[in-house]
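As structure tokens, the structure follows; a few thoughts come after it.
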8 protein chains.
Amino acid sequence: MDKSELIGLLEAVKRGEIGVEEAVGRLKSAPFEELGYAKVDHHRGVRQGAGEVVFGERKTPEQICGILRSLRGAGGSDIIVTRLSPESAELVGREHELDYSAEARLAVAYRTAGRPLQGSVVVAGAGTSDIPVCEEAALTAEALGSRVHRLYDVGVAGLHRLLSHLELLNSARAVVAVAGMEGALASVVGGLVDCPVIAVPTSVGYGASFGGLAALLAMLNSCASGVAVVNIDNGFGAGYLASMINKASL
Amino acid sequence: MDKSELIGLLEAVKRGEIGVEEAVGRLKSAPFEELGYAKVDHHRGVRQGAGEVVFGERKTPEQICGILRSLRGAGGSDIIVTRLSPESAELVGREHELDYSAEARLAVAYRTAGRPLQGSVVVAGAGTSDIPVCEEAALTAEALGSRVHRLYDVGVAGLHRLLSHLELLNSARAVVAVAGMEGALASVVGGLVDCPVIAVPTSVGYGASFGGLAALLAMLNSCASGVAVVNIDNGFGAGYLASMINKASL
Amino acid sequence: MDKSELIGLLEAVKRGEIGVEEAVGRLKSAPFEELGYAKVDHHRGVRQGAGEVVFGERKTPEQICGILRSLRGAGGSDIIVTRLSPESAELVGREHELDYSAEARLAVAYRTAGRPLQGSVVVAGAGTSDIPVCEEAALTAEALGSRVHRLYDVGVAGLHRLLSHLELLNSARAVVAVAGMEGALASVVGGLVDCPVIAVPTSVGYGASFGGLAALLAMLNSCASGVAVVNIDNGFGAGYLASMINKASL
Amino acid sequence: MDKSELIGLLEAVKRGEIGVEEAVGRLKSAPFEELGYAKVDHHRGVRQGAGEVVFGERKTPEQICGILRSLRGAGGSDIIVTRLSPESAELVGREHELDYSAEARLAVAYRTAGRPLQGSVVVAGAGTSDIPVCEEAALTAEALGSRVHRLYDVGVAGLHRLLSHLELLNSARAVVAVAGMEGALASVVGGLVDCPVIAVPTSVGYGASFGGLAALLAMLNSCASGVAVVNIDNGFGAGYLASMINKASL
Amino acid sequence: MDKSELIGLLEAVKRGEIGVEEAVGRLKSAPFEELGYAKVDHHRGVRQGAGEVVFGERKTPEQICGILRSLRGAGGSDIIVTRLSPESAELVGREHELDYSAEARLAVAYRTAGRPLQGSVVVAGAGTSDIPVCEEAALTAEALGSRVHRLYDVGVAGLHRLLSHLELLNSARAVVAVAGMEGALASVVGGLVDCPVIAVPTSVGYGASFGGLAALLAMLNSCASGVAVVNIDNGFGAGYLASMINKASL
Amino acid sequence: MDKSELIGLLEAVKRGEIGVEEAVGRLKSAPFEELGYAKVDHHRGVRQGAGEVVFGERKTPEQICGILRSLRGAGGSDIIVTRLSPESAELVGREHELDYSAEARLAVAYRTAGRPLQGSVVVAGAGTSDIPVCEEAALTAEALGSRVHRLYDVGVAGLHRLLSHLELLNSARAVVAVAGMEGALASVVGGLVDCPVIAVPTSVGYGASFGGLAALLAMLNSCASGVAVVNIDNGFGAGYLASMINKASL
Amino acid sequence: MDKSELIGLLEAVKRGEIGVEEAVGRLKSAPFEELGYAKVDHHRGVRQGAGEVVFGERKTPEQICGILRSLRGAGGSDIIVTRLSPESAELVGREHELDYSAEARLAVAYRTAGRPLQGSVVVAGAGTSDIPVCEEAALTAEALGSRVHRLYDVGVAGLHRLLSHLELLNSARAVVAVAGMEGALASVVGGLVDCPVIAVPTSVGYGASFGGLAALLAMLNSCASGVAVVNIDNGFGAGYLASMINKASL
Amino acid sequence: MDKSELIGLLEAVKRGEIGVEEAVGRLKSAPFEELGYAKVDHHRGVRQGAGEVVFGERKTPEQICGILRSLRGAGGSDIIVTRLSPESAELVGREHELDYSAEARLAVAYRTAGRPLQGSVVVAGAGTSDIPVCEEAALTAEALGSRVHRLYDVGVAGLHRLLSHLELLNSARAVVAVAGMEGALASVVGGLVDCPVIAVPTSVGYGASFGGLAALLAMLNSCASGVAVVNIDNGFGAGYLASMINKASL
């Protein structure tokens with residue numbers, strides 16, 4: 001709740017337009033709808049300038065349906081549902097209009113047709129196995145209105161594959177660098193571009209990759225400036241942040 | 001064995017009412033029944049003022065049945081069985097009177113009907129996915145005689161959801177704060193209330209949550225005073241302790 | 001800010017007694033004094049029913065003096081300063097009235113004379129080397145108004161030392177169990193008493209104790225019910241929570 | 001080396017204006033000066049739109065002097081030197097014009113006088129002990145041309161301190177959230193603002209903070225969208241990235 | 001190869017009784033039979049005074065059969081096969097005479113009938129869930145000729161269960177202490193007996209037990225003297241060592 | 001792209017034989033074919049003197065088929081596909097000529113018949129359970145043209161098994177030492193031979209082997225000189241490097 | 001307190017020879033003397049058949065003096081003080097008769113002159129740097145009455161150094177194997193001898209030895225039977241246990 | 001001891017030229033000299049084709065002097081002493097002829113004058129701070145007879161610095177890649193060259209570099225083929241192995 005809203009509310013109280021008890025009630029209950037298992041936040045879109053997001057993991061299809069119903073009822077659109085299994089997508093899709101990618105395990109509900117995509121986010125992935133996380137990032141950024149360029153299988157062991165796309169990289173307003181194993185892509189990209197790089201370690205690898213820990217630590221220790229890191233396999237988070245940066249710089 | 005019991009026993013020996021060998025026997029064998037695979041403790045209820053508890057994980061339904069038989073035979077009621085799978089619950093329920101929650105994977109055997117619940121424990125959970133652990137805490141506290149208020153999906157990324165329930169939080173004698181991912185709920189709650197907060201990290205999350213480690217460490221490092229932590233996903237332990245605190249302050 | 005304060009403020013606005021801008025200002029600036037390097041919270045004592053606490057580590061003596069001046073200026077007393085080095089204590093003591101324990105590295109500023117101590121908190125420590133952490137807990141609880149019994153060097157490798165004090169343990173309203181190395185004291189005490197046990201792992205040990213990690217993990221995995229854990233070496237946190245529990249049950 | 005430069009070079013070869021050997025030489029040696037112990041990169045400023053940066057840790061004062069001489073010789077200004085001890089700063093300052101902060105252990109060499117600062121970066125710090133890392137971020141962003149607002153000691157255990165500055169937070173184009181211990185500040189801030197949040201875990205804490213690991217993991221697992229993380233105590237990296245985002249959105 | 005064998009061989013060469021090439025051959029090939037996938041050691045029984053042992057995990061039933069055939073062919077008996085699944089046991093049992101415990105996942109092949117058991121090894125287990133590891137230890141020690149007393153469900157949260165068996169504990173020549181969760185049993189037993197204690201951490205537990213790590217660290221840090229530790233869930237190793245100690249002291 | 005190629009290309013531009021745009025195109029696109037999900041590198045064989053390698057894990061059979069088609073189309077042979085499941089091998093084998101080992105989960109596609117194997121690589125494995133990793137190493141080295149000697153089940157607990165093969169070990173130009181559990185084989189072998197030893201930790205073990213971490217750390221800390229380590233279970237990497245060393249020394 | 005003592009006490013009560021209150025007192029206070037900072041255990045020597053032990057780390061010289069005074073007053077001799085710095089040893093030695101080894105940081109107070117040493121314990125150390133831990137083990141075993149043979153610098157990278165002492169190794173009743181770095185010595189020795197091996201990982205090493213963790217994990221995963229492990233650098237614990245085993249088998 | 005030596009010894013016994021006892025003695029005592037604190041290995045040079053190496057850490061100057069005396073007495077030269085502090089070097093240099101580098105903390109004793117260096121080892125280092133480890137590698141390889149090219153400050157954040165030296169890299173027979181922080185250099189180099197790459201993680205970095213762990217894990221997970229890893233900061237080990245590979249391929 002920002003200052004102008006607070007002032008507005010207080011002034012309405014002062015003018016006697018709304019009572020004290022009601023003001024307290026508004027302060028408390030306005031921003032969300034209580035579903036019992038969830039408190040659906042109808043103001044986040046306004047507050048943060050982005051569509052709603054539902055974290056699908058460990059939620060039942062019924063719970064997801066209920067949350068979508070609440071959001072849609074409040075006029076929501078382009079609602080992102082992450083980590084949604086194909087089975088849940090099938091069930092949720094019976095009630096709600098879903099645009100689902102099985103590869104990224106991500107759906108966009110009630111997508112706005114014909115919405116123009118703006119700016120430029122590059123999603124660069126080190127290997128073929130990293131593509132699902134890349135797609136989660138790319139689809140997220142697109143759902144939030146950003147134009148995305150995909151650059152896959154550009155791992156550092158074959159530098160020429162990356163270097164041949166320097167022009168594209170340098171045209172980006174934000175780059176998402178996705179890599180498992182040793183995670184070196186983030187540093188190399190970070191040294192080549194002059195825009196923010198959001199690094200996503202993935203759990204691709206085995207043995208001493210320890211489920212993505214190796215890539216995570218490497219990315220946190222990047223010797224390149226302008227690089228920040230999100231959680232392992234968190235394509236959504238990177239796509240969200242990259243889109244936010246992209247759109248702010250339009 | 002406390003001092004008065006020891007004195008009583010020794011005086012009986014002194015008066016010749018019981019023989020030395022018998023006294024040694026009593027000292028040794030009284031407090032539990034030997035089942036081979038378990039030594040059922042019939043005195044714990046007396047010693048600790050709480051119903052019996054059976055840790056169900058890795059026990060066969062047969063073992064659980066045997067332990068319940070022993071406890072019930074000694075007059076036990078409101079016996080909590082934790083981490084009980086639906087399959088085991090089904091089997092154990094054939095022999096014993098069980099009140100089972102599949103969500104919390106917890107049963108109460110031989111529940112006392114119409115028992116009044118006292119005081120106030122608030123169980124606050126950060127996200128929908130944390131509800132099973134919340135329920136384990138809530139059902140435990142209720143089985144031990146505490147009144148419980150549930151406050152779910154109040155994670156810190158939408159502070160207004162939590163702040164709108166300040167009054168309820170401040171009426172509690174103990175709060176159980178349940179959160180996975182970054183576990184920040186414990187610190188925020190700890191800064192808002194003036195009663196003990198028992199923090200429960202959950203394994204909800206992925207990647208660098210490392211099965212709940214991130215939330216556990218965050219909660220242990222809470223900058224708020226009056227917060228203590230139990231094991232990851234240990235809703236039972238938090239509910240037990242919160243109920244103990246709640247009832248002591250009645 | 002609780003509900004009654006909010007209602008009061010809103011009603012004053014409604015009655016025109018205070019202006020809107022002023023109300024906004026109060027909502028914002030009331031609870032703390034801005035020192036630049038710190039925002040001193042004058043309401044915490046009221047909110048949480050306890051004296052103020054200053055975390056001394058990494059603060060300069062000048063910063064600590066400034067904070068104490070602010071708190072004292074607002075009428076504070078019995079202010080606990082933790083992790084205060086002897087050198088800093090010496091410097092701070094020149095301006096402020098301090099009661100300092102070098103062993104616990106803890107000071108109480110402006111202690112209220114003749115204040116009666118109430119209830120019973122037992123602080124049990126496993127070894128001689130754990131005494132500094134024990135004292136931090138004990139002095140904290142005393143500063144907050146609790147009567148404390150100290151039970152030191154009662155590690156589980158010599159059980160009779162602990163068992164000989166069962167009566168004292170069972171008279172406690174809360175027990176603080178302090179142990180390094182394998183941290184087994186918490187579980188053994190937890191099995192003997194019927195009040196909450198706050199376990200404090202210490203960094204006492206070497207090699208695979210990994211700075212207290214071994215004791216921490218052991219305590220989190222305690223098979224006894226009614227045990228919760230605070231950070232390694234956090235005697236203050238345990239004493240604070242134990243005192244809170246003790247006083248609630250008076 | 002981007003495409004247009006490559007084309008220009010190739011065309012010059014084609015026209016016979018420069019020989020093949022010379023072209024190879026230019027491709028190889030242009031971008032840096034060889035000092036033996038360092039290869040000073042004179043093009044980074046151009047490539048990345050930011051002043052030069054020297055990572056001072058484990059470099060001798062002589063090495064730092066040499067690098068500054070090379071950069072200054074090539075016309076560099078506003079050169080940031082990080083992790084510079086007071087002793088080294090004193091020695092380097094004899095040869096070079098330095099603006100040094102002992103608190104942040106950061107110097108700006110050959111600062112451009114009267115340079116206007118633009119946009120708005122908020123640096124929010126949880127505790128007094130986090131201020132050195134905050135200052136490293138703030139001074140970095142200022143050296144790169146961003147206007148910075150400092151918001152210190154706003155940890156989540158006293159939420160009102162943070163909430164009273166919502167207006168300032170919401171005016172930012174990028175927020176740097178700095179916290180040790182449980183690192184919850186990043187999530188809370190991330191839920192309140194609609195601009196990117198760069199989270200910096202610090203090594204402030206003890207015991208199970210494990211040198212900042214607890215805060216790092218918490219921040220990586222933030223349940224708020226729009227948050228990315230840099231290395232523990234890496235104020236420089238966060239300030240650099242926040243400034244990059246701030247300036248892109250002007 | 002010990003000194004006397006070496007001398008004997010060399011003297012035979014000196015006397016010309018065996019040729020040089022043959023001596024080299026003997027030095028190389030005597031001690032084992034080559035199966036391709038395994039080199040079966042026929043001398044270990046002689047060298048180490050114990051029956052053969054086959055580590056069954058990740059070996060196919062065919063490989064185990066082949067190794068048993070080789071050992072039996074060389075006159076082996078009382079051969080222990082550890083970590084043998086019921087399915088493999090069924091298959092191996094068609095060719096070889098097996099005495100199999102599904103609980104301990106351990107078989108003894110070609111058991112010597114009527115072999116007297118000697119001395120006294122106590123296997124103490126903390127909880128019902130630890131019994132499989134206890135049985136692996138107990139059956140191993142019995143296969144090696146030791147008399148074993150089982151003492152199960154004697155965890156430290158109910159000390160009287162353990163203390164009531166002090167006499168039995170004190171009659172042991174070696175104690176195996178098996179515990180998961182916080183692993184405190186080893187320290188408590190170590191403080192009560194005057195014989196070696198071999199501690200076995202188990203993977204029983206959840207959350208911060210990290211698969212037995214908590215118990216392992218606790219046991220390594222035991223404050224009791226005379227305690228050593230084997231790998232998590234390594235009942236075999238503890239039973240083997242305890243039996244070795246038991247028999248040496250007959 | 002090495003210097004002579006660069007010079008050649010530039011001279012062709014100078015002589016006007018190829019245009020500038022075409023040169024830029026060649027610099028960018030020559031080395032790989034774009035498949036969308038992969039960028040197949042046709043020059044690696046030339047650059048690194050070895051057949052192509054496809055990392056099969058997490059790739060669909062369709063993706064692997066596509067990559068093989070691209071490589072074969074460019075004249076590739078002896079193409080190694082690692083971490084290929086039997087199911088995938090079956091499917092890929094329908095389109096491509098595969099030589100598949102289910103034990104090593106490795107295939108060689110389009111193997112050159114009658115190719116002579118050269119030099120000597122010894123692959124030494126500690127236990128029967130390590131054989132799959134050993135075979136991955138051995139088959140890789142053979143596919144790359146090296147003669148391989150297999151020495152399995154030579155773990156250090158029965159030293160004579162290893163010592164009896166000293167002559168073979170000393171004839172090697174490179175040794176691959178494969179071991180799980182405590183990983184001691186690498187150090188013992190490293191002390192016996194005078195050629196490079198490539199150590200491969202395996203995930204064989206349980207409990208405190210932590211998925212191969214114990215062996216990995218042991219091998220990294222080897223007190224023998226001339227030992228280097230690859231990732232856990234990375235038989236391919238060790239076989240590749242050993243073959244590279246073997247062939248360089250022919 | 002064992003059964004016979006308990007019976008004796010109870011019978012004395014029965015016969016009226018001692019009163020109930022007195023019996024309770026004896027049960028409680030007999031075994032130790034209260035020093036405030038320590039509870040000195042006078043019965044441990046009797047219970048465990050070994051001299052007293054004082055863990056010197058983090059105890060002040062005054063505390064150690066007090067404990068020694070108490071033990072000596074009760075007739076103690078051959079009292080081991082571990083982890084005693086030279087400075088403390090100097091101070092303690094002014095009041096008490098100490099036999100101090102600076103290398104092992106261990107003292108024996110009031111050593112019994114001319115006491116015969118029995119049996120055979122071999123202490124084998126991998127490198128010169130491991131000698132201090134070896135000496136702690138050796139001096140402990142000697143103080144407890146065992147004859148010790150030292151075998152230093154026999155690391156596995158030069159196997160012949162160890163193999164040349166096979167005869168000595170095979171004459172031992174217990175072997176202490178001390179090694180840092182990769183800790184392979186324990187496995188190799190465990191495969192060569194037929195007596196218990198107590199393995200001591202040391203913190204000797206750097207980098208990925210992680211303060212002895214590498215050696216610890218290696219030893220816990222030893223593929224040799226008959227090996228158990230104590231804490232990192234715990235020479236005392238290993239010497240104590242080895243001596244216990246040695247003397248039991250006399 | 002290799003086969004031909006064994007045969008020679010046995011034949012001498014057969015011919016009666018040496019007695020049995022003497023043969024046993026030779027087998028046992030030949031390869032090393034017993035100094036008490038060390039067993040100096042005089043045969044390693046012969047066995048492994050390299051000069052002797054003394055690991056200097058935690059050895060006293062006296063011990064190092066004694067070992068050098070023994071080695072020199074047996075005719076040794078070009079003896080490498082690693083991890084030698086300047087203070088120790090000064091003391092050892094009084095008795096022995098030392099060529100000492102304070103930067104690399106490495107000495108070569110009794111260096112052979114005018115020895116030609118052969119082949120080509122490239123030592124590539126990521127940053128200025130990695131130079132000490134680079135120098136340890138380079139000086140080691142030179143002491144063993146390899147020609148070394150140094151390529152420092154070529155970290156991946158400024159790729160052009162590395163790429164401008166492709167020709168030099170491709171002329172190497174072995175590359176040592178030294179990097180701290182994210183350790184990406186190893187992968188990038190591994191993708192550019194066709195010779196073995198020995199990767200050395202360094203402890204350069206802070207925070208989540210965890211003393212070199214980040215670089216270590218990254219290097220172990222390198223997506224490039226032909227890369228193996230040594231311990232953190234182990235420049236010696238990498239230089240030794242690289243030299244071994246270089247010289248084998250001459």
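Each chain in the structure tokens gets a letter, A, B and so on, in the order shown; residues start at 1 in every chain, and ligands are counted from 1 in the order they appear.
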(message) Residues near Val229 (chain F), anyone? I mean within 10 Å using only C-alpha atoms, not counting same-chain ones fewer than 3 positions away, as a PyMOL selection string.
(response) (chain F and resi 176-177+186+197-201+216-217+219-222+232+234+237-238) or (chain H and resi 198-199+220+227-231)
(message) Within 12 Å of chain G, which residues belong to chain C? Use only C-alpha atoms and report them as a ChimeraX atom specification.
(response) /C:103,124-132,134-135,150-155,157-167,181-182,203-211,214
Restricting it to C-alpha atoms, dump the selection as a compact mmCIF listing (two decimals), in the first residue's frame.
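The result, written out as result-v6.txt:
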# COMPACT_ATOMS: atom_id res chain seq x y z
CA GLU C 103 32.96 -14.40 30.61
CA ALA C 124 22.25 -26.83 32.14
CA GLY C 125 25.68 -26.99 30.47
CA ALA C 126 27.51 -30.08 29.28
CA GLY C 127 31.10 -29.08 29.95
CA THR C 128 33.31 -26.50 31.56
CA SER C 129 34.06 -25.02 28.15
CA ASP C 130 30.37 -24.35 27.55
CA ILE C 131 30.11 -22.02 30.56
CA PRO C 132 30.48 -18.72 28.63
CA CYS C 134 25.57 -20.77 29.63
CA GLU C 135 26.30 -17.49 31.35
CA ARG C 150 22.86 -23.01 36.96
CA LEU C 151 23.77 -26.67 36.47
CA TYR C 152 27.18 -26.91 34.83
CA ASP C 153 29.39 -29.82 33.69
CA VAL C 154 26.55 -32.33 33.48
CA GLY C 155 27.45 -33.89 30.11
CA ALA C 157 29.20 -39.22 29.48
CA GLY C 158 28.73 -39.09 33.28
CA LEU C 159 24.97 -39.41 33.60
CA HIS C 160 24.96 -39.58 37.40
CA ARG C 161 25.98 -35.91 37.52
CA LEU C 162 22.80 -34.96 35.71
CA LEU C 163 20.53 -37.51 37.34
CA SER C 164 21.49 -36.31 40.80
CA HIS C 165 19.76 -33.03 39.98
CA LEU C 166 16.48 -34.43 38.68
CA GLU C 167 14.51 -32.64 41.33
CA MET C 181 30.59 -31.72 20.70
CA GLU C 182 27.79 -34.26 20.18
CA SER C 203 31.14 -24.29 19.00
CA VAL C 204 33.06 -26.22 21.65
CA GLY C 205 34.81 -29.14 20.01
CA TYR C 206 37.22 -29.69 17.15
CA GLY C 207 37.53 -31.57 13.89
CA ALA C 208 34.19 -33.00 12.84
CA SER C 209 32.30 -30.72 15.21
CA PHE C 210 32.67 -28.23 12.35
CA GLY C 211 32.25 -25.20 14.59
CA ALA C 214 27.52 -31.52 14.86
(message) According to DSSP computed on the backbone, where in region 2-249 of chain F is there helix (DSSP H, G or I)? Give the residues as a ChimeraX atom specification.
(response) /F:3-14,20-29,44-48,61-73,86-95,128-143,156-163,166-170,185-192,207-220,235-248
(request) Report the distance between CA of Tyr110 (chain D) and CA of Val193 (chain A) in Å, rounded to one decimal place. (result)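 Value for the CA of Tyr110 (chain D)-CA of Val193 (chain A) distance: 25.3 Å.
For the pair CA of Cys195 (chain C) and CA of Arg147 (chain C), the separation is 15.6 Å.
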(request) Select, from G:Leu71, G:Val178, G:Leu241, G:Val148, the residue with the minimum atom-to-atom distance to Asp194 (chain E), counting only C-alpha atoms. (result) G:Leu241
